[in-house]
Amino acid sequence: MWFLLVLLCSQGIAFLAGFTAPSTLNSDKSQNRKKTRNPECFMNVSEIIRYHGYPSEEYQVTTKDGYILGVFRIPAGRNSENTGQKPVVFLQHAFLGDATHWISNLPNNSLGFLLADAGYDVWMGNSRGNTWSLKHKTLNPSQKEFWQFSFDEMGKYDIPAELYFVMNKTGQKDVYYVGHSEGTTIGFIAFSTYPDLAKQLVLGCKGAMHQIGFLKGPMTQLCTSLDKFCGHVLCYIAGGNIKNLNTSRIDTYVGHSPAGTSVQNIIHWHQLIYADQFQAYDYGSKENMKKYNQSTPPAYKIEKISIPTAVWSGGRDTFADPEDIARLLPRITNLIYHEHFPTWGHLDFIWGLDATEKMYQKIIELITKYL
C-alpha cells in the first residue's frame with residue numbers, strides 16, 4: 001500500500017506523538033502481540049466470498065480493445081438456493097480499488113453480501129490494470145503500450161464489455177449499477193457514450209500504484225498491531241472519522257489496496273483538477289486532432305443520461321468534495337434521490353460502520369422499488 005507506506009514514513013512521528021503516549025505504547029506491547037491478522041488479507045476475491053459461506057463464480061471478460069478483465073459473482077445468499085433468475089446488481093469499485101472493496105467488511109456490513117442475502121445476483125467488476133485485470137490478448141504489463149489508458153477507456157470499453165457479458169450470462173435485460181467514486185465516473189462515461197447500454201440500466205449511484213508482494217506481509221502485520229494508527233492514516237488521506245471505521249478490519253483493507261492503475265489514468269485525474277469541464281484525456285492539440293478530430297478533448301455529456309440516478313455524498317470526502325457534487329447534481333437529468341452525510345469521508349461509502357443503516361438499506365429499497 002504505497003500511499004500508506006509514504007505517510008508512515010513522512011508523518012509517522014507526528015501521528016504517534018498525537019495519538020499515543022510512550023507509556024501507552026509500552027503497556028500495549030503485550031496486547032499487540034496477541035493480535036492476529038484477518039485471514040482475508042491473503043485471500044483472493046473468490047476465497048473471501050466462500051470464506052463467509054457464499055457461493056462464488058469468476059469469469060474473464062475481454063474488451064473490444066483486448067483487455068481481459070476479472071469479474072466476480074455472488075449468485076446467491078448464504079441461506080438461499082442458487083436457483084432461478086434474480087435481479088442483477090453490478091458493483092464497480094473506485095480509483096486504485098478492486099472488487100474486494102465490496103466484501104472487505106463482515107457480511108452484515110458489506111454491500112456485496114447484503115445484496116446477495118436480499119435476493120440479488122451480485123456481480124463485481126474490475127477495471128483494466130488492477131490486481132485482477134492484468135491480462136491482454138496481445139500485450140503484457142511489461143510493455144508501455146499496455147498502460148496507455150485512463151478512465152476514459154474504462155468507461156468506453158470496460159463497463160460496456162462487463163455489463164453486456166453479465167446480461168448475456170444471466171439472460172436479464174436490466175442491470176442495476178452501483179459505482180463508488182471512479183466507478184461512478186466511468187459509469188457516466190459509458191452511459192453517455194452508449195445510449196443503448198443506458199436503456200438496460202435502471203439505477204446508478206455513488207459514491208500505477210500496485211501492491212508490492214513482499215510488502216504485503218509486513219504492512220498487514222503492522223496494521224494488525226497498530227490498527228488505529230493505520231485507520232487514522234486512511235482518514236487523513238480520504239477524509240472522515242476513524243470512529244466510523246472497523247479498525248479490526250484495517251489489515252484486510254490494506255491487504256488488497258491499492259490494486260493499481262495506469263500512470264495515464266492518474267494524469268487524467270490530475271488534468272481534471274485544472275479543466276473547467278468533465279472531459280476526455282488531453283493528449284495535446286496535435287494528438288487530440290488525430291484521436292478526437294478536434295484540438296481539445298471532448299466533454300462527456302452527462303445530461304444525455306436519462307436513467308433514474310441516486311447519489312450519496314459526504315461532507316468530509318477528500319476526493320469528491322461538496323463543491324464537485326454541487327456542480328454534478330444539476331447535470332443529472334433524472335435524479336431520483338440524493339442524500340448528503342456531513343461527517344462522511346471517501347471510505348465511509350464502502351467501509352463505514354453505519355453504511356448499512358444509512359445507505360445500503362436505502363440502496364436495496366430503491367432497487368426493489370424499480371424492479
# chains A, B, ... in the order shown; residues from 1 in each chain; ligands from 1
call {"tool": "residues_around", "arguments": {"residues": "A:Cys41", "least_positions_apart": "4", "cutoff": "7 Å", "atoms": "only C-alpha atoms", "output": "list of chain:residue names"}}
result
A:Asp251, A:Thr252, A:Gly255, A:His256
call {"tool": "select_by_dssp", "arguments": {"residues": "stretch 248-342 of chain A", "states": "strand (DSSP E)", "output": "list in words"}}
result
Thr309, Ala310, Val311, Trp312, Ser313, Gly314, Leu335, Ile336, Tyr337, His338, Glu339, His340 and Phe341 of chain A
call {"tool": "select_by_dssp", "arguments": {"residues": "stretch 22-91 of chain A", "states": "alpha helix (DSSP H)", "output": "list of chain:residue names"}}
result
A:Pro22, A:Ser23, A:Thr24, A:Leu25, A:Asn26, A:Ser27, A:Asp28, A:Lys29, A:Ser30, A:Gln31, A:Asn32, A:Arg33, A:Lys34, A:Val45, A:Ser46, A:Glu47, A:Ile48, A:Ile49, A:Arg50, A:Tyr51
call {"tool": "atom_distance", "arguments": {"atom1": "atom CA of A:Phe349", "atom2": "atom CA of A:Ser181"}}
result
9.4 Å
call {"tool": "residues_around", "arguments": {"residues": "A:Thr296", "least_positions_apart": "2", "cutoff": "10 Å", "atoms": "only C-alpha atoms", "output": "list in words"}}
result
Gln279, Ala280, Tyr281, Asp282, Tyr283, Gly284, Ser285, Lys286, Glu287, Asn288, Met289, Tyr292, Asn293, Gln294, Pro298 and Ala299 of chain A
call {"tool": "residues_around", "arguments": {"residues": "A:Leu201", "least_positions_apart": "2", "cutoff": "12 Å", "atoms": "only C-alpha atoms", "output": "NGL selection string"}}
result
:A and (87-90 or 159-160 or 163-164 or 167 or 172-178 or 187-188 or 190-191 or 194-199 or 203-205 or 305-309 or 367 or 370-371)
call {"tool": "residues_around", "arguments": {"residues": "A:His232", "least_positions_apart": "5", "cutoff": "9 Å", "atoms": "only C-alpha atoms", "output": "count of residues only"}}
result
5
call {"tool": "residues_around", "arguments": {"residues": "A:Ile332", "least_positions_apart": "3", "cutoff": "6 Å", "atoms": "only C-alpha atoms", "output": "list in words"}}
result
Glu303, Leu329 and Leu335 of chain A
call {"tool": "write_last_selection", "arguments": {"atoms": "N, CA and C atoms", "output": "tab-separated table (two decimals), in the first residue's frame"}}
result
chain	number	residue	atom	x	y	z
A	303	GLU	N	-25.73	15.08	-19.27
A	303	GLU	CA	-27.15	15.43	-19.39
A	303	GLU	C	-27.92	14.48	-20.28
A	329	LEU	N	-24.83	17.58	-9.53
A	329	LEU	CA	-26.24	17.30	-9.34
A	329	LEU	C	-27.16	17.98	-10.36
A	335	LEU	N	-32.60	12.63	-11.58
A	335	LEU	CA	-32.13	12.41	-10.21
A	335	LEU	C	-33.32	12.04	-9.33
call {"tool": "closest_residue", "arguments": {"among": "A:Gln361, A:Asn246, A:Thr170, A:Gln148", "to": "A:Ile267", "atoms": "only C-alpha atoms"}}
result
A:Gln148
call {"tool": "residues_around", "arguments": {"residues": "A:Ile266", "least_positions_apart": "3", "cutoff": "10 Å", "atoms": "only C-alpha atoms", "output": "list of chain:residue names"}}
result
A:Phe95, A:Leu96, A:Phe149, A:Ser150, A:Phe151, A:Ala208, A:Met209, A:Thr261, A:Ser262, A:Val263, A:Trp269, A:His270, A:Gln271
call {"tool": "decode", "arguments": {"residues": "stretch 269-296 of chain A", "atoms": "N, CA and C atoms", "output": "short mmCIF file (atom, residue, chain, number, x, y, z; two decimals), in the first residue's frame"}}
result
data_model
loop_
_atom_site.label_atom_id
_atom_site.label_comp_id
_atom_site.auth_asym_id
_atom_site.auth_seq_id
_atom_site.Cartn_x
_atom_site.Cartn_y
_atom_site.Cartn_z
N TRP A 269 -6.86 12.14 -14.15
CA TRP A 269 -7.49 12.73 -12.97
C TRP A 269 -6.84 14.07 -12.62
N HIS A 270 -5.53 14.14 -12.76
CA HIS A 270 -4.81 15.40 -12.48
C HIS A 270 -5.24 16.49 -13.46
N GLN A 271 -5.45 16.13 -14.71
CA GLN A 271 -5.89 17.10 -15.71
C GLN A 271 -7.22 17.73 -15.33
N LEU A 272 -8.12 16.92 -14.78
CA LEU A 272 -9.45 17.42 -14.46
C LEU A 272 -9.44 18.45 -13.34
N ILE A 273 -8.37 18.46 -12.55
CA ILE A 273 -8.26 19.47 -11.50
C ILE A 273 -8.21 20.86 -12.12
N TYR A 274 -7.58 20.96 -13.28
CA TYR A 274 -7.37 22.25 -13.93
C TYR A 274 -8.34 22.49 -15.08
N ALA A 275 -9.04 21.47 -15.51
CA ALA A 275 -10.02 21.64 -16.59
C ALA A 275 -11.31 22.22 -16.02
N ASP A 276 -12.03 22.93 -16.84
CA ASP A 276 -13.29 23.54 -16.39
C ASP A 276 -14.49 22.68 -16.74
N GLN A 277 -14.22 21.46 -17.19
CA GLN A 277 -15.32 20.58 -17.57
C GLN A 277 -14.88 19.12 -17.41
N PHE A 278 -15.86 18.25 -17.39
CA PHE A 278 -15.64 16.81 -17.30
C PHE A 278 -15.36 16.31 -18.71
N GLN A 279 -14.10 16.02 -19.01
CA GLN A 279 -13.71 15.78 -20.40
C GLN A 279 -12.80 14.57 -20.54
N ALA A 280 -12.60 14.17 -21.80
CA ALA A 280 -11.73 13.05 -22.13
C ALA A 280 -10.27 13.42 -21.90
N TYR A 281 -9.40 12.44 -22.05
CA TYR A 281 -7.97 12.64 -21.81
C TYR A 281 -7.39 13.65 -22.81
N ASP A 282 -6.57 14.55 -22.31
CA ASP A 282 -5.96 15.58 -23.15
C ASP A 282 -4.56 15.12 -23.59
N TYR A 283 -4.43 14.77 -24.88
CA TYR A 283 -3.16 14.32 -25.42
C TYR A 283 -2.31 15.47 -25.97
N GLY A 284 -2.84 16.69 -25.92
CA GLY A 284 -2.21 17.82 -26.59
C GLY A 284 -2.91 18.07 -27.91
N SER A 285 -2.88 19.30 -28.37
CA SER A 285 -3.70 19.68 -29.53
C SER A 285 -3.44 18.82 -30.76
N LYS A 286 -2.18 18.50 -31.05
CA LYS A 286 -1.86 17.73 -32.25
C LYS A 286 -2.43 16.32 -32.17
N GLU A 287 -2.19 15.64 -31.04
CA GLU A 287 -2.69 14.28 -30.88
C GLU A 287 -4.20 14.25 -30.69
N ASN A 288 -4.74 15.30 -30.07
CA ASN A 288 -6.19 15.39 -29.92
C ASN A 288 -6.88 15.40 -31.28
N MET A 289 -6.28 16.11 -32.25
CA MET A 289 -6.85 16.16 -33.60
C MET A 289 -6.90 14.77 -34.22
N LYS A 290 -5.85 13.99 -33.97
CA LYS A 290 -5.80 12.64 -34.52
C LYS A 290 -6.85 11.74 -33.88
N LYS A 291 -7.01 11.89 -32.57
CA LYS A 291 -7.89 10.96 -31.84
C LYS A 291 -9.34 11.43 -31.82
N TYR A 292 -9.55 12.74 -31.63
CA TYR A 292 -10.92 13.25 -31.46
C TYR A 292 -11.40 14.11 -32.63
N ASN A 293 -10.50 14.40 -33.57
CA ASN A 293 -10.83 15.28 -34.70
C ASN A 293 -11.14 16.70 -34.23
N GLN A 294 -10.55 17.09 -33.14
CA GLN A 294 -10.63 18.46 -32.63
C GLN A 294 -9.42 18.68 -31.73
N SER A 295 -9.06 19.95 -31.54
CA SER A 295 -7.82 20.25 -30.83
C SER A 295 -7.92 20.11 -29.32
N THR A 296 -9.13 20.11 -28.78
CA THR A 296 -9.34 19.97 -27.34
C THR A 296 -10.13 18.70 -27.05
#
